[in-house]
>>> print(open('work-v9.txt').read())   # compact mmCIF, C-alpha atoms
# COMPACT_ATOMS: atom_id res chain seq x y z
CA MET A 1 -29.35 7.67 -5.31
CA GLU A 2 -27.38 9.27 -8.14
CA ILE A 3 -23.97 10.72 -7.34
CA ASP A 4 -23.27 14.25 -8.58
CA ILE A 5 -19.92 15.40 -7.21
CA GLY A 6 -18.69 16.94 -10.46
CA ILE A 7 -16.84 13.84 -11.70
CA PRO A 8 -18.51 11.95 -14.55
CA GLU A 9 -19.51 8.36 -13.79
CA ASN A 10 -17.01 6.82 -16.22
CA ASP A 11 -14.18 8.81 -14.63
CA ARG A 12 -15.33 7.86 -11.13
CA LYS A 13 -15.34 4.18 -12.10
CA ALA A 14 -11.86 4.39 -13.68
CA ILE A 15 -10.45 6.22 -10.65
CA ALA A 16 -12.04 3.74 -8.25
CA ALA A 17 -10.62 0.82 -10.25
CA GLY A 18 -7.15 2.32 -9.95
CA LEU A 19 -7.62 2.99 -6.26
CA SER A 20 -8.75 -0.62 -5.83
CA ARG A 21 -5.35 -1.73 -7.12
CA VAL A 22 -3.65 0.69 -4.70
CA LEU A 23 -5.82 -0.71 -1.90
CA ALA A 24 -4.95 -4.31 -2.80
CA ASP A 25 -1.23 -3.56 -2.93
CA SER A 26 -1.41 -1.61 0.33
CA TYR A 27 -3.34 -4.33 2.15
CA THR A 28 -1.03 -7.05 0.88
CA LEU A 29 1.97 -5.00 1.99
CA TYR A 30 0.28 -4.44 5.38
CA LEU A 31 -0.16 -8.19 5.81
CA LYS A 32 3.42 -8.94 4.75
CA THR A 33 4.80 -6.26 7.08
CA HIS A 34 2.73 -7.56 9.99
CA ASN A 35 3.92 -11.11 9.27
CA PHE A 36 7.54 -9.95 9.25
CA HIS A 37 6.97 -8.01 12.50
CA TRP A 38 5.84 -11.22 14.17
CA ASN A 39 8.50 -13.48 12.69
CA VAL A 40 11.69 -11.46 12.34
CA LYS A 41 14.70 -12.85 14.18
CA GLY A 42 18.41 -12.26 14.44
CA PRO A 43 20.68 -9.48 15.68
CA MET A 44 18.44 -6.72 14.26
CA PHE A 45 15.32 -8.18 15.92
CA ASN A 46 14.46 -5.33 18.25
CA SER A 47 14.94 -2.49 15.78
CA LEU A 48 13.18 -4.31 12.92
CA HIS A 49 10.34 -5.54 15.14
CA THR A 50 9.69 -1.93 16.20
CA MET A 51 10.15 -0.49 12.70
CA PHE A 52 7.85 -3.04 11.09
CA GLU A 53 5.19 -2.30 13.72
CA SER A 54 5.20 1.42 12.94
CA GLN A 55 4.98 0.59 9.24
CA TYR A 56 2.03 -1.80 9.51
CA VAL A 57 0.16 0.61 11.79
CA GLU A 58 0.61 3.35 9.17
CA LEU A 59 -0.57 0.98 6.43
CA ALA A 60 -3.66 0.02 8.45
CA THR A 61 -4.73 3.66 8.51
CA ALA A 62 -3.92 4.05 4.82
CA VAL A 63 -6.06 1.15 3.66
CA ASP A 64 -9.04 2.66 5.45
CA GLU A 65 -8.50 6.04 3.78
CA ILE A 66 -8.12 4.47 0.34
CA ALA A 67 -11.23 2.31 0.76
CA GLU A 68 -13.26 5.28 1.98
CA ARG A 69 -12.20 7.31 -1.09
CA ILE A 70 -13.41 4.46 -3.33
CA ARG A 71 -16.74 4.53 -1.50
CA ALA A 72 -16.96 8.33 -1.80
CA LEU A 73 -16.64 7.85 -5.56
CA GLY A 74 -19.69 5.60 -5.44
CA GLU A 75 -17.96 2.26 -5.95
CA LYS A 76 -17.60 -0.82 -3.78
CA ALA A 77 -14.19 -1.21 -2.19
CA PRO A 78 -12.67 -4.68 -2.50
CA GLY A 79 -12.34 -6.24 0.91
CA THR A 80 -11.53 -9.94 0.66
CA TYR A 81 -8.28 -11.86 0.36
CA GLY A 82 -9.53 -13.26 -2.95
CA ALA A 83 -10.26 -9.81 -4.37
CA PHE A 84 -6.93 -8.46 -3.17
CA ALA A 85 -5.07 -11.47 -4.63
CA LYS A 86 -6.55 -10.74 -8.05
CA LEU A 87 -5.63 -7.04 -7.91
CA THR A 88 -2.24 -6.91 -6.18
CA GLN A 89 1.21 -6.92 -7.74
CA ILE A 90 2.87 -7.84 -4.43
CA GLU A 91 3.81 -11.47 -3.92
CA GLU A 92 2.89 -13.21 -0.72
CA GLU A 93 5.72 -14.67 1.38
CA GLU A 94 4.96 -18.15 2.63
CA GLY A 95 8.45 -19.04 3.82
CA ASP A 96 10.61 -17.86 6.67
CA PRO A 97 13.13 -15.48 5.09
CA PRO A 98 16.06 -14.04 7.02
CA ALA A 99 15.79 -10.44 8.22
CA GLU A 100 17.73 -8.93 5.30
CA GLU A 101 15.44 -10.68 2.81
CA MET A 102 12.43 -9.35 4.71
CA ILE A 103 13.84 -5.85 4.28
CA ARG A 104 14.42 -6.41 0.54
CA GLN A 105 10.87 -7.69 0.08
CA LEU A 106 9.44 -4.70 1.92
CA VAL A 107 11.51 -2.31 -0.21
CA ARG A 108 10.08 -3.98 -3.32
CA GLY A 109 6.60 -3.83 -1.80
CA HIS A 110 6.76 -0.10 -1.05
CA GLU A 111 8.16 0.58 -4.51
CA THR A 112 5.30 -1.46 -6.02
CA VAL A 113 2.67 0.54 -4.14
CA ALA A 114 4.37 3.76 -5.27
CA ARG A 115 4.26 2.66 -8.92
CA THR A 116 0.64 1.58 -8.63
CA ALA A 117 -0.35 4.87 -6.99
CA ARG A 118 1.53 6.85 -9.62
CA SER A 119 -0.32 4.97 -12.37
CA VAL A 120 -3.69 6.28 -11.11
CA PHE A 121 -2.80 9.96 -11.54
CA PRO A 122 -3.91 10.14 -15.21
CA GLN A 123 -7.43 8.98 -14.28
CA ALA A 124 -7.59 11.38 -11.32
CA GLU A 125 -6.43 14.26 -13.52
CA ALA A 126 -8.88 13.35 -16.30
CA GLY A 127 -11.74 13.48 -13.80
CA GLN A 128 -10.40 16.62 -12.09
CA ASP A 129 -10.41 14.59 -8.89
CA GLU A 130 -8.17 16.62 -6.62
CA PRO A 131 -8.99 14.66 -3.43
CA THR A 132 -7.78 11.44 -5.06
CA ALA A 133 -4.68 13.19 -6.45
CA ASP A 134 -3.96 14.51 -2.95
CA LEU A 135 -4.40 11.03 -1.43
CA LEU A 136 -2.09 9.54 -4.06
CA THR A 137 0.53 12.22 -3.42
CA GLN A 138 0.43 11.51 0.31
CA ARG A 139 0.76 7.77 -0.30
CA LEU A 140 3.69 8.30 -2.67
CA GLN A 141 5.52 10.35 -0.05
CA VAL A 142 5.10 7.63 2.57
CA HIS A 143 6.05 4.71 0.32
CA GLU A 144 9.05 6.39 -1.27
CA LYS A 145 10.40 7.50 2.13
CA THR A 146 9.80 4.10 3.70
CA ALA A 147 11.53 2.33 0.79
CA TRP A 148 14.52 4.65 1.21
CA MET A 149 14.69 4.00 4.96
CA LEU A 150 14.52 0.25 4.45
CA ARG A 151 17.15 0.35 1.67
CA SER A 152 19.41 2.25 4.06
CA LEU A 153 19.47 -0.79 6.35
CA LEU A 154 21.04 -2.96 3.68
CA ALA A 155 24.82 -3.10 3.40
CA GLU A 156 24.73 -3.15 -0.41
>>> encode(input="work-v9.txt", output="C-alpha cells")
Amino acid sequence: MEIDIGIPENDRKAIAAGLSRVLADSYTLYLKTHNFHWNVKGPMFNSLHTMFESQYVELATAVDEIAERIRALGEKAPGTYGAFAKLTQIEEEEGDPPAEEMIRQLVRGHETVARTARSVFPQAEAGQDEPTADLLTQRLQVHEKTAWMLRSLLAE
C-alpha cells in the first residue's frame, strides 16, 4: 500500500537511511554498555555497574523508538549484527579494558551517536519531518548529557 503522510518518498528514504545509522550506532553502544556492565571491575565497580545498567536500559528503549520511526516512514529497519556493523561508527571492544578506559569508550560512543543524530537533521528538515526532528532532539539531549556525566568521572 502506498504511503501518503505528507513526506515525499525520496525524503522518507533519505531520512530512514540516516535513522538507520543512528539505530546502528545506538545498538552498538547498547551492546558495548551492556558488556561493560557485566565486566567492569575495580574500586568503582558498584557505581559503574549500576550506572551502566541504567544507560543500557535507556538505550534499549531508544533503539525500539528509532526502529519504529524508520518503519513509520515505510522503510525496513536494519536488525542484524552484520547490518549494524556496516552502518555504525562505533568500534567494538573485544578486550578487557580497565574501568577508566570503559568510561572513555562510552564517552566517545555517546558523542558519536550525537554527531550521527545531528547529521540527520538536514534530511528531516528537507522533508518537513517534525516527528523525526523531535526524536533526534530527544536523542541528542540524552547522549550529550550522558557523555558529560561519564566525562565527569574521569580525573583529567
>>> closest_atom_pairs(input="work-v9.txt", of="range 10-49 of chain A", to="range 54-69 of chain A", cutoff="6 Å", atoms="all atoms listed in the file", output="JSON lines")
{"residue": "A:Leu23", "atom": "CA", "partner": "A:Val63", "partner_atom": "CA", "distance": 5.9}
{"residue": "A:Tyr30", "atom": "CA", "partner": "A:Tyr56", "partner_atom": "CA", "distance": 5.2}
{"residue": "A:Thr33", "atom": "CA", "partner": "A:Tyr56", "partner_atom": "CA", "distance": 5.8}
{"residue": "A:His34", "atom": "CA", "partner": "A:Tyr56", "partner_atom": "CA", "distance": 5.8}
>>> write_last_selection(input="work-v9.txt", atoms="C-alpha atoms", output="compact mmCIF listing (two decimals), in the coordinates of the input")
# COMPACT_ATOMS: atom_id res chain seq x y z
CA LEU A 23 -5.82 -0.71 -1.90
CA TYR A 30 0.28 -4.44 5.38
CA THR A 33 4.80 -6.26 7.08
CA HIS A 34 2.73 -7.56 9.99
>>> closest_residue(input="work-v9.txt", among="A:Glu9, A:Glu53, A:Glu111, A:Glu94", to="Arg151 in chain A", atoms="only C-alpha atoms")
A:Glu111
>>> atom_distance(input="work-v9.txt", atom1="CA of Thr137 in chain A", atom2="CA of Ile70 in chain A")
16.0 Å
>>> atom_distance(input="work-v9.txt", atom1="CA of Tyr27 in chain A", atom2="CA of Thr146 in chain A")
15.7 Å
>>> atom_distance(input="work-v9.txt", atom1="CA of Glu130 in chain A", atom2="CA of Ala24 in chain A")
21.5 Å
>>> closest_residue(input="work-v9.txt", among="A:Met1, A:Leu154, A:Ser26, A:Gly6", to="Leu87 in chain A", atoms="only C-alpha atoms")
A:Ser26
>>> residues_around(input="work-v9.txt", residues="Ile5 in chain A", least_positions_apart="3", cutoff="12 Å", atoms="all atoms listed in the file", output="PyMOL selection string")
chain A and resi 2+8-9+11-12+72-74+127-131
>>> residues_around(input="work-v9.txt", residues="Arg21 in chain A", least_positions_apart="5", cutoff="12 Å", atoms="only C-alpha atoms", output="PyMOL selection string")
chain A and resi 14-16+26-28+63+66-67+70+77-79+83-90+112-120
>>> axis_aligned_box(input="work-v9.txt", around="range 29-47 of chain A", padding_each_side="6 Å", output="JSON")
{"center_x": 10.3, "center_y": -8.0, "center_z": 10.1, "size_x": 32.8, "size_y": 23.0, "size_z": 28.3}
>>> residues_around(input="work-v9.txt", residues="Gly95 in chain A", least_positions_apart="5", cutoff="12 Å", atoms="all atoms listed in the file", output="list of chain:residue names")
A:Lys32, A:Asn35, A:Phe36, A:Asn39, A:Val40, A:Glu101, A:Met102
>>> decode(input="work-v9.txt", residues="range 30-54 of chain A", atoms="C-alpha atoms", output="PDB file, in the first residue's frame")
ATOM      1  CA  TYR A  30      23.879  -0.513  23.833  1.00  0.00           C
ATOM      2  CA  LEU A  31      25.856  -3.724  23.329  1.00  0.00           C
ATOM      3  CA  LYS A  32      29.130  -2.117  24.444  1.00  0.00           C
ATOM      4  CA  THR A  33      27.479  -0.609  27.533  1.00  0.00           C
ATOM      5  CA  HIS A  34      25.883  -3.938  28.446  1.00  0.00           C
ATOM      6  CA  ASN A  35      29.243  -5.686  28.000  1.00  0.00           C
ATOM      7  CA  PHE A  36      30.925  -3.145  30.271  1.00  0.00           C
ATOM      8  CA  HIS A  37      28.114  -3.524  32.838  1.00  0.00           C
ATOM      9  CA  TRP A  38      28.836  -7.247  33.019  1.00  0.00           C
ATOM     10  CA  ASN A  39      32.617  -6.989  33.017  1.00  0.00           C
ATOM     11  CA  VAL A  40      33.577  -3.844  34.917  1.00  0.00           C
ATOM     12  CA  LYS A  41      35.835  -4.380  37.919  1.00  0.00           C
ATOM     13  CA  GLY A  42      37.845  -2.351  40.365  1.00  0.00           C
ATOM     14  CA  PRO A  43      37.123   0.166  43.116  1.00  0.00           C
ATOM     15  CA  MET A  44      34.342   1.870  41.111  1.00  0.00           C
ATOM     16  CA  PHE A  45      32.597  -1.446  40.395  1.00  0.00           C
ATOM     17  CA  ASN A  46      29.330  -0.844  42.211  1.00  0.00           C
ATOM     18  CA  SER A  47      28.705   2.681  40.958  1.00  0.00           C
ATOM     19  CA  LEU A  48      29.737   1.889  37.373  1.00  0.00           C
ATOM     20  CA  HIS A  49      27.827  -1.402  37.299  1.00  0.00           C
ATOM     21  CA  THR A  50      24.672   0.475  38.335  1.00  0.00           C
ATOM     22  CA  MET A  51      25.303   3.449  36.036  1.00  0.00           C
ATOM     23  CA  PHE A  52      25.990   1.261  33.010  1.00  0.00           C
ATOM     24  CA  GLU A  53      22.784  -0.679  33.681  1.00  0.00           C
ATOM     25  CA  SER A  54      20.658   2.472  33.651  1.00  0.00           C
TER      26      SER A  54
END
